[in-house]
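File shown here: input_10.cif, holding mmCIF, C-alpha atoms.
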```
data_target
#
loop_
_atom_site.group_PDB
_atom_site.id
_atom_site.type_symbol
_atom_site.label_atom_id
_atom_site.label_comp_id
_atom_site.auth_asym_id
_atom_site.auth_seq_id
_atom_site.Cartn_x
_atom_site.Cartn_y
_atom_site.Cartn_z
ATOM 1 C CA MET T 1 143.551 247.908 0.440
ATOM 2 C CA ASN T 2 140.743 250.379 0.952
ATOM 3 C CA LEU T 3 137.700 248.883 -0.746
ATOM 4 C CA PRO T 4 136.015 252.269 -1.439
ATOM 5 C CA PHE T 5 138.440 252.571 -4.364
ATOM 6 C CA MET T 6 136.499 249.751 -6.035
ATOM 7 C CA ASP T 7 133.760 252.214 -6.945
ATOM 8 C CA ILE T 8 136.300 254.365 -8.770
ATOM 9 C CA PHE T 9 137.507 251.378 -10.786
ATOM 10 C CA LYS T 10 133.945 250.379 -11.630
ATOM 11 C CA ASP T 11 133.287 253.744 -13.226
ATOM 12 C CA TRP T 12 136.762 254.148 -14.763
ATOM 13 C CA ALA T 13 137.406 250.720 -16.312
ATOM 14 C CA LYS T 14 135.688 251.382 -19.635
ATOM 15 C CA ASP T 15 137.530 254.693 -20.118
ATOM 16 C CA TYR T 16 140.889 253.809 -18.580
ATOM 17 C CA ASP T 17 142.761 253.142 -21.808
ATOM 18 C CA THR T 18 141.476 256.381 -23.312
ATOM 19 C CA THR T 19 142.708 258.259 -20.245
ATOM 20 C CA VAL T 20 146.222 256.800 -20.326
ATOM 21 C CA GLU T 21 146.442 257.632 -24.022
ATOM 22 C CA GLY T 22 146.247 261.286 -22.987
ATOM 23 C CA HIS T 23 142.731 262.150 -24.097
ATOM 24 C CA ASP T 24 141.615 263.413 -20.670
ATOM 25 C CA GLU T 25 143.087 266.908 -20.335
ATOM 26 C CA GLN T 26 143.086 266.820 -16.533
ATOM 27 C CA TYR T 27 145.258 263.685 -16.439
ATOM 28 C CA HIS T 28 147.311 264.351 -19.563
ATOM 29 C CA GLU T 29 150.516 265.217 -17.685
ATOM 30 C CA VAL T 30 150.115 262.261 -15.312
ATOM 31 C CA PHE T 31 150.401 259.956 -18.311
ATOM 32 C CA ILE T 32 152.990 261.774 -20.434
ATOM 33 C CA GLY T 33 155.399 259.105 -21.673
ATOM 34 C CA TYR T 34 153.089 256.301 -20.518
ATOM 35 C CA GLU T 35 153.957 253.803 -23.249
ATOM 36 C CA GLN T 36 157.696 254.413 -22.914
ATOM 37 C CA MET T 37 157.519 254.117 -19.130
ATOM 38 C CA LEU T 38 155.781 250.744 -19.337
ATOM 39 C CA ASP T 39 158.397 249.595 -21.851
ATOM 40 C CA GLU T 40 161.115 250.566 -19.372
ATOM 41 C CA VAL T 41 159.405 248.804 -16.478
ATOM 42 C CA ALA T 42 159.179 245.608 -18.527
ATOM 43 C CA LEU T 43 162.927 245.773 -19.249
ATOM 44 C CA HIS T 44 163.715 245.662 -15.527
ATOM 45 C CA VAL T 45 161.676 242.604 -14.495
ATOM 46 C CA GLU T 46 163.306 239.206 -13.992
ATOM 47 C CA GLY T 47 162.092 235.622 -13.714
ATOM 48 C CA THR T 48 158.526 234.932 -12.674
ATOM 49 C CA VAL T 49 156.757 238.264 -12.278
ATOM 50 C CA LEU T 50 153.938 239.031 -9.843
ATOM 51 C CA GLU T 51 152.034 242.107 -10.974
ATOM 52 C CA PHE T 52 149.634 243.797 -8.580
ATOM 53 C CA GLY T 53 146.882 246.024 -9.926
ATOM 54 C CA VAL T 54 147.115 244.973 -13.557
ATOM 55 C CA GLY T 55 144.176 247.208 -14.494
ATOM 56 C CA THR T 56 143.367 246.683 -18.149
ATOM 57 C CA GLY T 57 146.616 244.793 -18.761
ATOM 58 C CA ASN T 58 148.801 247.365 -20.488
ATOM 59 C CA LEU T 59 151.970 246.537 -18.546
ATOM 60 C CA SER T 60 151.052 242.852 -18.358
ATOM 61 C CA ASN T 61 151.013 242.617 -22.136
ATOM 62 C CA ARG T 62 154.645 243.722 -22.252
ATOM 63 C CA ILE T 63 155.784 241.433 -19.435
ATOM 64 C CA LEU T 64 154.184 238.372 -21.038
ATOM 65 C CA LYS T 65 156.438 238.746 -24.079
ATOM 66 C CA GLY T 66 159.414 237.572 -22.035
ATOM 67 C CA HIS T 67 158.385 236.322 -18.608
ATOM 68 C CA PRO T 68 155.919 234.095 -16.764
ATOM 69 C CA LEU T 69 153.324 236.395 -15.193
ATOM 70 C CA ILE T 70 151.009 236.080 -12.229
ATOM 71 C CA ALA T 71 148.417 238.830 -12.603
ATOM 72 C CA ILE T 72 146.428 240.191 -9.634
ATOM 73 C CA GLU T 73 143.572 242.698 -9.899
ATOM 74 C CA PRO T 74 140.812 243.562 -7.367
ATOM 75 C CA SER T 75 138.328 245.185 -9.749
ATOM 76 C CA PRO T 76 135.954 242.813 -11.593
ATOM 77 C CA GLU T 77 135.487 245.408 -14.319
ATOM 78 C CA MET T 78 139.224 245.832 -14.858
ATOM 79 C CA ARG T 79 139.818 242.064 -14.679
ATOM 80 C CA LYS T 80 137.260 241.432 -17.418
ATOM 81 C CA ILE T 81 139.002 243.827 -19.790
ATOM 82 C CA ALA T 82 142.455 242.462 -18.920
ATOM 83 C CA VAL T 83 141.388 238.845 -19.501
ATOM 84 C CA GLU T 84 139.963 239.746 -22.912
ATOM 85 C CA LYS T 85 143.105 241.681 -23.825
ATOM 86 C CA LEU T 86 145.696 239.220 -22.516
ATOM 87 C CA GLY T 87 144.067 235.815 -22.908
ATOM 88 C CA ILE T 88 145.291 234.672 -19.465
ATOM 89 C CA ASP T 89 143.735 234.198 -16.050
ATOM 90 C CA VAL T 90 143.791 237.329 -13.916
ATOM 91 C CA LEU T 91 143.459 236.432 -10.255
ATOM 92 C CA GLU T 92 141.264 238.289 -7.804
ATOM 93 C CA GLY T 93 143.192 239.972 -5.016
ATOM 94 C CA ASP T 94 145.143 243.055 -4.070
ATOM 95 C CA PHE T 95 148.481 244.092 -2.572
ATOM 96 C CA LEU T 96 147.661 242.576 0.814
ATOM 97 C CA ARG T 97 145.310 239.700 -0.061
ATOM 98 C CA TYR T 98 146.351 237.298 -2.775
ATOM 99 C CA PRO T 99 146.560 233.533 -3.443
ATOM 100 C CA ASP T 100 149.358 231.428 -1.976
ATOM 101 C CA LEU T 101 152.206 231.753 -4.460
ATOM 102 C CA SER T 102 155.797 230.569 -4.805
ATOM 103 C CA ASN T 103 158.940 231.328 -6.800
ATOM 104 C CA VAL T 104 158.217 235.004 -7.382
ATOM 105 C CA ALA T 105 161.353 236.779 -8.623
ATOM 106 C CA THR T 106 159.952 240.266 -9.299
ATOM 107 C CA VAL T 107 157.089 242.208 -7.743
ATOM 108 C CA VAL T 108 155.873 244.921 -10.090
ATOM 109 C CA SER T 109 153.125 247.522 -10.114
ATOM 110 C CA SER T 110 152.277 250.594 -12.166
ATOM 111 C CA TYR T 111 149.989 253.431 -11.138
ATOM 112 C CA ALA T 112 148.515 251.436 -8.244
ATOM 113 C CA PHE T 113 150.686 251.292 -5.093
ATOM 114 C CA HIS T 114 149.256 254.645 -3.969
ATOM 115 C CA HIS T 115 145.937 252.974 -3.140
ATOM 116 C CA LEU T 116 147.604 251.733 0.052
ATOM 117 C CA THR T 117 148.131 253.858 3.135
ATOM 118 C CA ASP T 118 151.770 254.201 4.176
ATOM 119 C CA SER T 119 151.199 251.605 6.893
ATOM 120 C CA GLU T 120 149.716 249.221 4.357
ATOM 121 C CA LYS T 121 152.606 249.842 1.963
ATOM 122 C CA ALA T 122 155.105 248.844 4.646
ATOM 123 C CA THR T 123 153.062 245.752 5.536
ATOM 124 C CA ALA T 124 152.836 244.715 1.888
ATOM 125 C CA ILE T 125 156.575 245.043 1.271
ATOM 126 C CA GLY T 126 157.276 243.063 4.435
ATOM 127 C CA GLN T 127 154.924 240.289 3.324
ATOM 128 C CA TYR T 128 156.661 239.939 -0.021
ATOM 129 C CA VAL T 129 160.119 239.836 1.544
ATOM 130 C CA GLU T 130 158.940 237.178 3.991
ATOM 131 C CA GLY T 131 157.150 235.171 1.320
ATOM 132 C CA TRP T 132 159.799 235.003 -1.412
ATOM 133 C CA GLU T 133 163.587 234.976 -1.480
ATOM 134 C CA HIS T 134 164.838 238.486 -2.245
ATOM 135 C CA PRO T 135 162.134 239.547 -4.712
ATOM 136 C CA LYS T 136 163.073 242.460 -6.931
ATOM 137 C CA PHE T 137 160.715 245.450 -6.749
ATOM 138 C CA VAL T 138 159.846 247.565 -9.779
ATOM 139 C CA LEU T 139 157.298 250.282 -9.023
ATOM 140 C CA LEU T 140 155.969 253.038 -11.261
ATOM 141 C CA ASP T 141 153.699 255.539 -9.565
ATOM 142 C CA THR T 142 152.933 259.128 -8.677
ATOM 143 C CA MET T 143 155.156 260.280 -5.799
ATOM 144 C CA PHE T 144 156.365 263.548 -4.347
ATOM 145 C CA GLU T 145 159.807 264.588 -3.137
ATOM 146 C CA SER T 146 158.410 266.711 -0.297
ATOM 147 C CA PRO T 147 155.217 268.233 1.131
ATOM 148 C CA ALA T 148 156.118 271.444 -0.705
ATOM 149 C CA ALA T 149 156.411 269.587 -4.028
ATOM 150 C CA ARG T 150 153.031 267.963 -3.427
ATOM 151 C CA GLN T 151 151.434 271.315 -2.647
ATOM 152 C CA ASP T 152 153.003 272.876 -5.754
ATOM 153 C CA ILE T 153 151.323 270.213 -7.906
ATOM 154 C CA ILE T 154 147.969 270.717 -6.180
ATOM 155 C CA ASP T 155 148.260 274.471 -6.642
ATOM 156 C CA TRP T 156 149.131 273.990 -10.324
ATOM 157 C CA ALA T 157 146.148 271.662 -10.877
ATOM 158 C CA THR T 158 143.870 274.088 -9.038
ATOM 159 C CA SER T 159 145.039 276.995 -11.197
ATOM 160 C CA LYS T 160 144.207 274.939 -14.290
ATOM 161 C CA GLY T 161 140.720 274.205 -13.024
ATOM 162 C CA TYR T 162 141.442 270.474 -12.882
ATOM 163 C CA SER T 163 138.972 269.736 -10.082
ATOM 164 C CA ASP T 164 138.921 265.957 -10.660
ATOM 165 C CA LEU T 165 142.706 265.780 -10.479
ATOM 166 C CA VAL T 166 142.782 267.940 -7.332
ATOM 167 C CA GLU T 167 140.227 265.653 -5.700
ATOM 168 C CA ASP T 168 142.317 262.650 -6.690
ATOM 169 C CA LEU T 169 145.528 264.170 -5.298
ATOM 170 C CA ASN T 170 143.827 264.868 -1.975
ATOM 171 C CA ARG T 171 142.022 261.528 -1.747
ATOM 172 C CA GLU T 172 144.695 258.985 -2.601
ATOM 173 C CA TYR T 173 147.761 258.009 -0.582
ATOM 174 C CA TYR T 174 150.498 259.222 -2.900
ATOM 175 C CA PRO T 175 153.764 258.662 -1.042
ATOM 176 C CA TYR T 176 156.875 260.741 -0.633
ATOM 177 C CA THR T 177 159.928 259.332 -2.365
ATOM 178 C CA SER T 178 161.785 259.224 0.954
ATOM 179 C CA THR T 179 159.022 257.084 2.466
ATOM 180 C CA ILE T 180 159.221 254.452 -0.268
ATOM 181 C CA ARG T 181 163.012 254.473 -0.153
ATOM 182 C CA SER T 182 163.113 253.995 3.623
ATOM 183 C CA MET T 183 160.585 251.138 3.520
ATOM 184 C CA LEU T 184 162.654 249.239 0.975
ATOM 185 C CA GLU T 185 166.009 250.023 2.556
ATOM 186 C CA ALA T 186 164.661 248.833 5.919
ATOM 187 C CA ASN T 187 164.211 245.444 4.238
ATOM 188 C CA GLY T 188 167.785 245.400 2.972
ATOM 189 C CA TYR T 189 167.291 246.688 -0.559
ATOM 190 C CA ASN T 190 169.403 248.961 -2.707
ATOM 191 C CA VAL T 191 167.063 251.530 -4.234
ATOM 192 C CA THR T 192 167.236 253.716 -7.321
ATOM 193 C CA MET T 193 164.525 256.264 -8.061
ATOM 194 C CA THR T 194 164.097 258.206 -11.290
ATOM 195 C CA GLN T 195 161.496 260.861 -12.017
ATOM 196 C CA LYS T 196 159.827 260.145 -15.374
ATOM 197 C CA ASN T 197 157.398 263.070 -15.665
ATOM 198 C CA LYS T 198 155.917 265.781 -13.434
ATOM 199 C CA PHE T 199 154.059 263.161 -11.386
ATOM 200 C CA VAL T 200 155.567 259.725 -11.863
ATOM 201 C CA TRP T 201 158.690 258.044 -10.504
ATOM 202 C CA LEU T 202 160.271 254.703 -11.365
ATOM 203 C CA VAL T 203 161.560 252.753 -8.367
ATOM 204 C CA ILE T 204 163.888 249.770 -8.741
ATOM 205 C CA ALA T 205 164.925 247.883 -5.622
ATOM 206 C CA THR T 206 167.332 244.950 -5.562
ATOM 207 C CA LYS T 207 169.238 242.956 -2.991
#
```

Before anything else, please render the file you have as structure tokens.
Amino acid sequence: MNLPFMDIFKDWAKDYDTTVEGHDEQYHEVFIGYEQMLDEVALHVEGTVLEFGVGTGNLSNRILKGHPLIAIEPSPEMRKIAVEKLGIDVLEGDFLRYPDLSNVATVVSSYAFHHLTDSEKATAIGQYVEGWEHPKFVLLDTMFESPAARQDIIDWATSKGYSDLVEDLNREYYPYTSTIRSMLEANGYNVTMTQKNKFVWLVIATK
């Protein structure tokens, strides 16, 4: 994963929960339905869950109510908050570099997979498939159906004067839905994708 994103996490960690609660106008629509979306993600996980990019632990807290959880987070600032919130160890690592693990039934991530380039996304998915027997994938993230849809969102954010959001949309590696679908299907998965708000899609992939 691109380490320059670590600087963003360092600055954002203390305000992250306030942002996802909808108090930052620029990101309000990105997080519409946030709590309900995390509830839905937690309903779809099975067995031992490996969560990448746990952030401050909002999804993790839900998963722990019914499943063993292995939590991975690259940002020291985010990890500190998550450990205090969850009362469990949160391991250092990211989508591509993580401790040797076994018996993972579900790989899950929310609002984080876009930190990988498309090449890195494909490599990560391949690693998980090779490492564990038919892991289920549950991904929640900003995605676009087409270049035109992406540009429409950027134009909308620009018209609103949301300069931070525009910078974010141009900087990060938000994928197209077809790209994520093809990566998973190439590894033998059946994929369902549901748009949850203007930005965010829920992806569920099973063998």

T:Ile70: which residues within 8 Å, counting only C-alpha atoms, same-chain residues fewer than 4 positions away excluded, as an NGL selection string? :T and (48-51 or 90-91)

Identify the residues within 9 Å of coordinate (147.5, 251.9, -5.2) (same frame as the file), considering all atoms listed in the file, and give the answer as a PyMOL selection string. chain T and resi 1+53+95+109-117+141+172-174

Find the spatial neighbours of stretch 37-40 of chain T, counting all atoms listed in the file, within a cut-off of 10 Å - ignore same-chain residues fewer than 5 positions away - and output them as a ChimeraX atom specification. /T:31-32,45,58-63,110,140,196-197,200-202

Convert the output of the PyMOL selection byres ((chain T and resi 204-206) around 7) on the shown file into explicit residues, formatted as a ChimeraX atom specification. /T:136-139,189-193,202-203,207

Pick from T:Ile154, T:Leu43, T:Tyr98, T:Pro68: nearest to T:Arg171, with only C-alpha atoms counted?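 Under the stated criterion, the closest residue is T:Ile154.
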
Atom CA of T:Asn170 to atom CA of T:Ile125, distance in Å rounded to a single decimal: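 Computing it gives 23.8 Å between the two atoms.
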
Can you list what the PyMOL selection byres ((chain T and resi 78) around 6) grabs from this structure, as a count of residues only? 9

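When you apply the PyMOL selection byres ((chain T and resi 105) around 6) to this structure, what comes back is Gly47, Thr48, Val104, Thr106 and Pro135 of chain T.
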
Residues near T:Pro147, cut-off 10 Å, all atoms listed in the file, skip fewer than 4 positions along chain, as a VMD selection string: chain T and resid 151 to 152 175 to 176

Taking all atoms listed in the file into account, which of T:Asn103, T:Val166, T:Thr179, T:Phe199 comes nearest T:Tyr34?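 Smallest separation from T:Tyr34 among the options: T:Phe199.
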
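Of the residues listed (T:Lys121, T:Phe52, T:Val108, T:Glu25), T:Phe52 shows the shortest atom-to-atom separation from T:Glu92; distances use only C-alpha atoms.
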
Gap from atom CA of T:Ala149 to atom CA of T:Ala124 - Å, one decimal: 25.8 Å

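Across the model, the gap from atom CA of T:Gln36 to atom CA of T:Tyr162 is 25.0 Å.
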